[in-house]
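Content type PDB, C-alpha atoms, from the file input.pdb:
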MODEL        1
ATOM      1  CA  MET A  17      61.006  75.529   4.746
ATOM      2  CA  ILE A  18      62.263  74.209   1.442
ATOM      3  CA  VAL A  19      60.934  76.024  -1.632
ATOM      4  CA  VAL A  20      60.657  73.840  -4.729
ATOM      5  CA  GLY A  21      60.570  75.448  -8.166
ATOM      6  CA  LEU A  22      58.591  73.181 -10.490
ATOM      7  CA  THR A  23      58.770  73.619 -14.247
ATOM      8  CA  GLY A  24      58.589  71.790 -17.549
ATOM      9  CA  SER A  25      57.785  72.636 -21.142
ATOM     10  CA  ILE A  26      54.288  72.330 -22.583
ATOM     11  CA  ALA A  27      52.676  68.859 -22.397
ATOM     12  CA  MET A  28      55.436  67.372 -20.243
ATOM     13  CA  GLY A  29      53.162  66.604 -17.270
ATOM     14  CA  LYS A  30      54.045  69.459 -14.915
ATOM     15  CA  SER A  31      50.421  70.005 -13.841
ATOM     16  CA  GLU A  32      50.038  66.334 -12.942
ATOM     17  CA  VAL A  33      53.229  66.451 -10.855
ATOM     18  CA  ALA A  34      51.910  69.593  -9.108
ATOM     19  CA  SER A  35      48.660  67.770  -8.291
ATOM     20  CA  VAL A  36      50.628  64.908  -6.703
ATOM     21  CA  PHE A  37      52.439  67.408  -4.450
ATOM     22  CA  ALA A  38      49.052  68.918  -3.521
ATOM     23  CA  ALA A  39      47.627  65.436  -2.801
ATOM     24  CA  HIS A  40      50.524  64.967  -0.334
ATOM     25  CA  LYS A  41      49.298  68.104   1.513
ATOM     26  CA  ILE A  42      52.163  70.231   0.178
ATOM     27  CA  PRO A  43      51.023  73.760  -0.742
ATOM     28  CA  VAL A  44      51.402  74.572  -4.456
ATOM     29  CA  PHE A  45      51.414  78.049  -5.987
ATOM     30  CA  ASP A  46      50.229  77.752  -9.603
ATOM     31  CA  SER A  47      51.494  80.826 -11.467
ATOM     32  CA  ASP A  48      49.200  80.304 -14.491
ATOM     33  CA  LYS A  49      46.082  79.993 -12.327
ATOM     34  CA  GLU A  50      47.153  83.063 -10.390
ATOM     35  CA  VAL A  51      47.422  85.058 -13.649
ATOM     36  CA  HIS A  52      43.840  84.022 -14.515
ATOM     37  CA  ARG A  53      42.685  85.076 -11.030
ATOM     38  CA  LEU A  54      44.416  88.412 -11.556
ATOM     39  CA  TYR A  55      42.530  88.968 -14.850
ATOM     40  CA  ASP A  56      39.233  88.340 -13.061
ATOM     41  CA  SER A  57      39.979  90.595 -10.080
ATOM     42  CA  GLY A  58      39.579  94.273  -9.287
ATOM     43  CA  GLU A  59      43.356  94.442  -8.824
ATOM     44  CA  GLY A  60      43.815  93.211 -12.392
ATOM     45  CA  VAL A  61      41.406  95.822 -13.737
ATOM     46  CA  ALA A  62      43.269  98.576 -11.855
ATOM     47  CA  LEU A  63      46.620  97.375 -13.265
ATOM     48  CA  PHE A  64      45.488  96.908 -16.874
ATOM     49  CA  LYS A  65      43.050  99.812 -17.334
ATOM     50  CA  PRO A  66      45.685 102.576 -17.732
ATOM     51  CA  LEU A  67      47.425 100.618 -20.534
ATOM     52  CA  VAL A  68      44.536  98.832 -22.287
ATOM     53  CA  PRO A  69      41.184 100.361 -21.289
ATOM     54  CA  GLU A  70      39.518  98.619 -24.260
ATOM     55  CA  ALA A  71      40.338  95.220 -22.694
ATOM     56  CA  ILE A  72      38.262  95.922 -19.576
ATOM     57  CA  VAL A  73      34.766  94.509 -20.044
ATOM     58  CA  GLY A  74      32.219  93.967 -17.288
ATOM     59  CA  GLY A  75      34.651  94.641 -14.453
ATOM     60  CA  ARG A  76      37.308  92.129 -15.563
ATOM     61  CA  VAL A  77      40.109  91.801 -18.097
ATOM     62  CA  ASN A  78      38.730  90.373 -21.351
ATOM     63  CA  ARG A  79      41.423  88.011 -22.683
ATOM     64  CA  PRO A  80      40.406  88.071 -26.383
ATOM     65  CA  LYS A  81      40.348  91.900 -26.360
ATOM     66  CA  LEU A  82      43.695  91.925 -24.554
ATOM     67  CA  SER A  83      45.154  89.613 -27.247
ATOM     68  CA  GLU A  84      43.803  91.925 -29.989
ATOM     69  CA  ALA A  85      45.420  94.941 -28.314
ATOM     70  CA  VAL A  86      48.775  93.154 -28.010
ATOM     71  CA  LEU A  87      48.652  92.047 -31.664
ATOM     72  CA  ALA A  88      47.911  95.628 -32.710
ATOM     73  CA  ASP A  89      50.725  97.073 -30.573
ATOM     74  CA  LYS A  90      53.701  94.767 -30.012
ATOM     75  CA  SER A  91      55.283  97.116 -27.436
ATOM     76  CA  LEU A  92      52.325  96.450 -25.135
ATOM     77  CA  LEU A  93      53.335  92.857 -24.434
ATOM     78  CA  GLU A  94      56.544  93.775 -22.615
ATOM     79  CA  LYS A  95      54.783  96.444 -20.531
ATOM     80  CA  LEU A  96      51.960  94.071 -19.588
ATOM     81  CA  GLU A  97      54.386  91.221 -18.772
ATOM     82  CA  THR A  98      56.361  93.526 -16.455
ATOM     83  CA  ILE A  99      53.164  94.463 -14.577
ATOM     84  CA  VAL A 100      51.894  90.874 -14.405
ATOM     85  CA  HIS A 101      55.231  89.390 -13.297
ATOM     86  CA  ALA A 102      55.593  91.968 -10.514
ATOM     87  CA  GLU A 103      52.073  91.253  -9.228
ATOM     88  CA  ILE A 104      52.496  87.459  -9.445
ATOM     89  CA  ALA A 105      55.848  87.728  -7.625
ATOM     90  CA  ARG A 106      54.101  89.696  -4.843
ATOM     91  CA  ARG A 107      51.375  87.028  -4.549
ATOM     92  CA  ARG A 108      53.974  84.240  -4.590
ATOM     93  CA  THR A 109      55.895  85.890  -1.734
ATOM     94  CA  ARG A 110      52.664  86.161   0.295
ATOM     95  CA  PHE A 111      51.869  82.494  -0.451
ATOM     96  CA  LEU A 112      55.333  81.358   0.749
ATOM     97  CA  GLU A 113      55.120  83.493   3.903
ATOM     98  CA  ASN A 114      51.730  81.919   4.711
ATOM     99  CA  ALA A 115      53.012  78.393   4.011
ATOM    100  CA  GLU A 116      55.918  78.975   6.406
ATOM    101  CA  LEU A 117      53.622  80.444   9.072
ATOM    102  CA  GLN A 118      51.436  77.327   8.783
ATOM    103  CA  GLY A 119      54.498  75.184   9.520
ATOM    104  CA  HIS A 120      54.902  73.470   6.140
ATOM    105  CA  ALA A 121      58.313  71.853   5.585
ATOM    106  CA  ILE A 122      57.972  72.089   1.783
ATOM    107  CA  ALA A 123      56.161  74.486  -0.566
ATOM    108  CA  VAL A 124      56.035  74.334  -4.366
ATOM    109  CA  VAL A 125      55.958  77.187  -6.845
ATOM    110  CA  ASP A 126      54.799  75.987 -10.260
ATOM    111  CA  VAL A 127      56.401  78.410 -12.745
ATOM    112  CA  PRO A 128      56.293  77.602 -16.493
ATOM    113  CA  LEU A 129      59.130  80.063 -17.278
ATOM    114  CA  LEU A 130      61.183  79.324 -14.129
ATOM    115  CA  PHE A 131      64.575  79.449 -15.884
ATOM    116  CA  GLU A 132      63.619  81.825 -18.686
ATOM    117  CA  LYS A 133      62.609  84.528 -16.171
ATOM    118  CA  GLU A 134      65.439  83.562 -13.756
ATOM    119  CA  GLN A 135      62.950  82.681 -11.009
ATOM    120  CA  ASP A 136      65.149  79.695 -10.087
ATOM    121  CA  LYS A 137      67.252  82.161  -8.047
ATOM    122  CA  HIS A 138      64.357  82.394  -5.571
ATOM    123  CA  VAL A 139      63.938  78.657  -4.874
ATOM    124  CA  ASP A 140      65.975  76.021  -3.035
ATOM    125  CA  VAL A 141      65.434  73.069  -5.387
ATOM    126  CA  THR A 142      64.430  72.961  -9.044
ATOM    127  CA  ILE A 143      62.398  70.107 -10.528
ATOM    128  CA  VAL A 144      61.951  69.692 -14.278
ATOM    129  CA  VAL A 145      59.282  67.392 -15.689
ATOM    130  CA  SER A 146      60.576  66.020 -18.971
ATOM    131  CA  ALA A 147      59.651  63.717 -21.856
ATOM    132  CA  PRO A 148      61.039  62.979 -25.333
ATOM    133  CA  GLU A 149      60.155  65.583 -27.976
ATOM    134  CA  TRP A 150      58.044  63.190 -30.055
ATOM    135  CA  LEU A 151      55.925  62.371 -26.982
ATOM    136  CA  GLN A 152      55.586  66.031 -26.018
ATOM    137  CA  HIS A 153      54.452  66.803 -29.593
ATOM    138  CA  GLN A 154      51.894  63.983 -29.530
ATOM    139  CA  ARG A 155      50.470  65.022 -26.137
ATOM    140  CA  ALA A 156      50.344  68.732 -26.994
ATOM    141  CA  LEU A 157      48.509  68.211 -30.290
ATOM    142  CA  ALA A 158      45.930  66.038 -28.508
ATOM    143  CA  ARG A 159      44.849  69.121 -26.512
ATOM    144  CA  PRO A 160      41.672  70.904 -27.656
ATOM    145  CA  GLY A 161      42.399  73.899 -29.880
ATOM    146  CA  MET A 162      46.118  73.145 -30.219
ATOM    147  CA  THR A 163      47.679  73.480 -33.663
ATOM    148  CA  GLU A 164      51.229  72.981 -34.998
ATOM    149  CA  GLU A 165      51.579  76.785 -35.326
ATOM    150  CA  LYS A 166      50.365  77.461 -31.788
ATOM    151  CA  LEU A 167      52.669  74.765 -30.408
ATOM    152  CA  GLU A 168      55.688  76.219 -32.205
ATOM    153  CA  MET A 169      54.844  79.706 -30.889
ATOM    154  CA  ILE A 170      54.690  78.357 -27.311
ATOM    155  CA  ARG A 171      57.903  76.380 -27.751
ATOM    156  CA  ALA A 172      59.699  79.446 -29.102
ATOM    157  CA  ARG A 173      59.079  81.235 -25.776
ATOM    158  CA  GLN A 174      60.282  78.275 -23.717
ATOM    159  CA  MET A 175      63.850  77.201 -23.095
ATOM    160  CA  PRO A 176      64.535  73.886 -24.895
ATOM    161  CA  ASP A 177      64.024  70.826 -22.695
ATOM    162  CA  ALA A 178      67.752  69.997 -22.816
ATOM    163  CA  GLY A 179      68.550  73.427 -21.335
ATOM    164  CA  LYS A 180      66.075  72.909 -18.499
ATOM    165  CA  ARG A 181      67.402  69.416 -17.795
ATOM    166  CA  ALA A 182      70.948  70.796 -17.580
ATOM    167  CA  ARG A 183      69.899  73.320 -14.919
ATOM    168  CA  ALA A 184      67.571  71.077 -12.902
ATOM    169  CA  ASP A 185      68.372  69.656  -9.481
ATOM    170  CA  ILE A 186      65.824  66.864 -10.023
ATOM    171  CA  ILE A 187      64.424  65.540 -13.318
ATOM    172  CA  ILE A 188      61.118  63.670 -13.333
ATOM    173  CA  GLU A 189      60.852  61.600 -16.505
ATOM    174  CA  ASN A 190      57.296  61.357 -17.831
ATOM    175  CA  ILE A 191      57.689  58.601 -20.407
ATOM    176  CA  ALA A 192      55.222  55.939 -19.296
ATOM    177  CA  THR A 193      51.785  55.900 -17.687
ATOM    178  CA  LEU A 194      50.136  58.458 -15.431
ATOM    179  CA  GLU A 195      50.447  55.950 -12.592
ATOM    180  CA  ASP A 196      54.224  55.730 -13.162
ATOM    181  CA  LEU A 197      54.468  59.518 -13.101
ATOM    182  CA  ARG A 198      52.550  59.652  -9.816
ATOM    183  CA  ARG A 199      54.773  56.949  -8.298
ATOM    184  CA  THR A 200      57.969  58.705  -9.398
ATOM    185  CA  THR A 201      56.713  62.026  -7.996
ATOM    186  CA  ALA A 202      55.745  60.407  -4.682
ATOM    187  CA  ALA A 203      59.289  58.992  -4.435
ATOM    188  CA  VAL A 204      60.745  62.476  -5.053
ATOM    189  CA  ILE A 205      58.488  63.903  -2.313
ATOM    190  CA  GLN A 206      59.661  61.208   0.112
ATOM    191  CA  LYS A 207      63.292  62.021  -0.705
ATOM    192  CA  LEU A 208      62.700  65.760  -0.186
ATOM    193  CA  ARG A 209      61.079  65.083   3.187
ATOM    194  CA  LYS A 210      64.009  62.920   4.333
ATOM    195  CA  HIS A 211      66.798  65.057   2.889
ATOM    196  CA  PRO A 212      65.466  68.586   2.451
ATOM    197  CA  SER A 213      68.799  70.129   1.453
TER     198      SER A 213
ENDMDL
END

Translate the structure of the given file into structure tokens.
Amino acid sequence: MIVVGLTGSIAMGKSEVASVFAAHKIPVFDSDKEVHRLYDSGEGVALFKPLVPEAIVGGRVNRPKLSEAVLADKSLLEKLETIVHAEIARRRTRFLENAELQGHAIAVVDVPLLFEKEQDKHVDVTIVVSAPEWLQHQRALARPGMTEEKLEMIRARQMPDAGKRARADIIIENIATLEDLRRTTAAVIQKLRKHPS
């Protein structure tokens, strides 16, 4: 089974590309969604409670309270990230084992910080969804609740697009319409199915 690592900076269209893979019956592990599931689970409560008991409200991790705790104590972020990354890695491994058992030829792991956290070492092919900076900026600011400051904070944590492009095996350009993006992604899927290596 070929494991595809899918990434792309904010507002590049990575989620749309992931949905095209899913529409082609290719299993997709969405790391961000898995983090949210973790926050809402008993496992998440058990992991977070020893470090931030004040963030546990009503049997789940309360995100605003967690953010407050991290802002109050900067050293918490690294500890929490270590715990979260280990748990997400465990879930990703289980997902890939299941996908292989089900006989899938391809499985996708959607990881926003694929290169930053060196997760590309654990995949066979890397795909970067990319767009010009001005377009990324325009798309990101169109999102509800997004501000220039928030965008810059997110960008600061992400490797610049040029760095991702340089390390990618496949680059999907998202510069036109949604339909073009879907067509381009479908062509990439076809290529992966014909030439998996």

Review point. At what distance in Å, to one decimal, does CA of Thr109 (chain A) lie from CA of Leu63 (chain A)?
Key: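 It comes out at 18.7 Å.
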
Listing only residues of region 100-161 of chain A within 12 Å of region 167-186 of chain A, what is the closest atom pair and its distance in Å (to one decimal) for each, using only C-alpha atoms, sorted by chain and residue number ascending, as a Markdown table?
| residue | atom | partner | partner_atom | distance |
| --- | --- | --- | --- | --- |
| A:Val127 | CA | A:Gln174 | CA | 11.6 |
| A:Pro128 | CA | A:Gln174 | CA | 8.3 |
| A:Leu129 | CA | A:Gln174 | CA | 6.8 |
| A:Leu130 | CA | A:Lys180 | CA | 9.2 |
| A:Phe131 | CA | A:Lys180 | CA | 7.2 |
| A:Glu132 | CA | A:Met175 | CA | 6.4 |
| A:Lys133 | CA | A:Gln174 | CA | 10.1 |
| A:Glu134 | CA | A:Arg183 | CA | 11.2 |
| A:Asp136 | CA | A:Arg183 | CA | 9.3 |
| A:Lys137 | CA | A:Arg183 | CA | 11.5 |
| A:Val139 | CA | A:Asp185 | CA | 11.0 |
| A:Asp140 | CA | A:Asp185 | CA | 9.4 |
| A:Val141 | CA | A:Asp185 | CA | 6.1 |
| A:Thr142 | CA | A:Asp185 | CA | 5.2 |
| A:Ile143 | CA | A:Ile186 | CA | 4.7 |
| A:Val144 | CA | A:Ala184 | CA | 5.9 |
| A:Val145 | CA | A:Arg181 | CA | 8.6 |
| A:Ser146 | CA | A:Asp177 | CA | 7.0 |
| A:Ala147 | CA | A:Asp177 | CA | 8.4 |
| A:Pro148 | CA | A:Asp177 | CA | 8.8 |
| A:Glu149 | CA | A:Asp177 | CA | 8.4 |
| A:Gln152 | CA | A:Leu167 | CA | 10.2 |
| A:His153 | CA | A:Leu167 | CA | 8.2 |
| A:Gln154 | CA | A:Leu167 | CA | 10.8 |
| A:Arg155 | CA | A:Leu167 | CA | 10.9 |
| A:Ala156 | CA | A:Leu167 | CA | 7.3 |
| A:Leu157 | CA | A:Leu167 | CA | 7.8 |
| A:Ala158 | CA | A:Leu167 | CA | 11.2 |
| A:Arg159 | CA | A:Leu167 | CA | 10.4 |
| A:Pro160 | CA | A:Leu167 | CA | 12.0 |
| A:Gly161 | CA | A:Leu167 | CA | 10.3 |

Review point. Counting only C-alpha atoms, what is within 10 Å of region 37-39 of chain A, bar same-chain residues fewer than 6 positions away, as a ChimeraX atom specification?
Key: /A:31,45,122-124,198,201-202,204-205

Selection in question (the file shown): the PyMOL selection byres ((chain A and resi 54) around 12). Which residues does it include, as a PDB file with C-alpha atoms, keeping the file's coordinate frame?
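This went into expr_8.pdb:
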ATOM      1  CA  SER A  47      51.494  80.826 -11.467  1.00  0.00           C
ATOM      2  CA  ASP A  48      49.200  80.304 -14.491  1.00  0.00           C
ATOM      3  CA  LYS A  49      46.082  79.993 -12.327  1.00  0.00           C
ATOM      4  CA  GLU A  50      47.153  83.063 -10.390  1.00  0.00           C
ATOM      5  CA  VAL A  51      47.422  85.058 -13.649  1.00  0.00           C
ATOM      6  CA  HIS A  52      43.840  84.022 -14.515  1.00  0.00           C
ATOM      7  CA  ARG A  53      42.685  85.076 -11.030  1.00  0.00           C
ATOM      8  CA  TYR A  55      42.530  88.968 -14.850  1.00  0.00           C
ATOM      9  CA  ASP A  56      39.233  88.340 -13.061  1.00  0.00           C
ATOM     10  CA  SER A  57      39.979  90.595 -10.080  1.00  0.00           C
ATOM     11  CA  GLY A  58      39.579  94.273  -9.287  1.00  0.00           C
ATOM     12  CA  GLU A  59      43.356  94.442  -8.824  1.00  0.00           C
ATOM     13  CA  GLY A  60      43.815  93.211 -12.392  1.00  0.00           C
ATOM     14  CA  VAL A  61      41.406  95.822 -13.737  1.00  0.00           C
ATOM     15  CA  ALA A  62      43.269  98.576 -11.855  1.00  0.00           C
ATOM     16  CA  LEU A  63      46.620  97.375 -13.265  1.00  0.00           C
ATOM     17  CA  PHE A  64      45.488  96.908 -16.874  1.00  0.00           C
ATOM     18  CA  GLY A  75      34.651  94.641 -14.453  1.00  0.00           C
ATOM     19  CA  ARG A  76      37.308  92.129 -15.563  1.00  0.00           C
ATOM     20  CA  VAL A  77      40.109  91.801 -18.097  1.00  0.00           C
ATOM     21  CA  ASN A  78      38.730  90.373 -21.351  1.00  0.00           C
ATOM     22  CA  ARG A  79      41.423  88.011 -22.683  1.00  0.00           C
ATOM     23  CA  ILE A  99      53.164  94.463 -14.577  1.00  0.00           C
ATOM     24  CA  VAL A 100      51.894  90.874 -14.405  1.00  0.00           C
ATOM     25  CA  HIS A 101      55.231  89.390 -13.297  1.00  0.00           C
ATOM     26  CA  ALA A 102      55.593  91.968 -10.514  1.00  0.00           C
ATOM     27  CA  GLU A 103      52.073  91.253  -9.228  1.00  0.00           C
ATOM     28  CA  ILE A 104      52.496  87.459  -9.445  1.00  0.00           C
ATOM     29  CA  ARG A 106      54.101  89.696  -4.843  1.00  0.00           C
ATOM     30  CA  ARG A 107      51.375  87.028  -4.549  1.00  0.00           C
TER      31      ARG A 107
END

Practice item. Take CA of Val125 (chain A) and CA of Thr163 (chain A) and report the distance between them in Å, one decimal. Key: 28.3 Å

Practice item. Name the residues captured by the PyMOL selection byres ((chain A and resi 194) around 12) when it is applied to the shown file; answer as a count of residues only. Key: 20

**Study point:** Residue nearest Lys41 (chain A) - candidates A:Glu97, A:Gly119, A:Ala88, A:Glu164, atoms counted: all atoms listed in the file
**Key:**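 Answer, going by the shortest atom-to-atom distance: A:Gly119.
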
Point to revise | Top pick for closest residue to Ser83 (chain A), considering A:Lys95, A:Phe111, A:Gly24, A:Val68 and counting all atoms listed in the file | key: A:Val68

Exercise for review: Calculate how many Å separate CA of Val44 (chain A) from CA of Ile26 (chain A), rounding to one decimal.
Suggested key: 18.5 Å

Practice item. Using all atoms listed in the file, pick whichever of A:Ala85, A:Glu165, A:Asp126, A:His138 has the shortest atom-to-atom distance to Ser25 (chain A). Key: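 Of the candidates, the smallest distance to Ser25 (chain A) is held by A:Asp126.
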
Review point. Do you know which residues are at most 10 Å from Met17 (chain A) counting only C-alpha atoms, after dropping those on the same chain fewer than 2 positions away, and could you put them as a ChimeraX atom specification?
Key: /A:19-20,112-113,115-117,119-123,140,212

Just to be explicit: take each residue in the selection above, keep C-alpha atoms, and write the result as a CSV table (one decimal), in the coordinates of the input.
chain,number,residue,atom,x,y,z
A,19,VAL,CA,60.9,76.0,-1.6
A,20,VAL,CA,60.7,73.8,-4.7
A,112,LEU,CA,55.3,81.4,0.7
A,113,GLU,CA,55.1,83.5,3.9
A,115,ALA,CA,53.0,78.4,4.0
A,116,GLU,CA,55.9,79.0,6.4
A,117,LEU,CA,53.6,80.4,9.1
A,119,GLY,CA,54.5,75.2,9.5
A,120,HIS,CA,54.9,73.5,6.1
A,121,ALA,CA,58.3,71.9,5.6
A,122,ILE,CA,58.0,72.1,1.8
A,123,ALA,CA,56.2,74.5,-0.6
A,140,ASP,CA,66.0,76.0,-3.0
A,212,PRO,CA,65.5,68.6,2.5
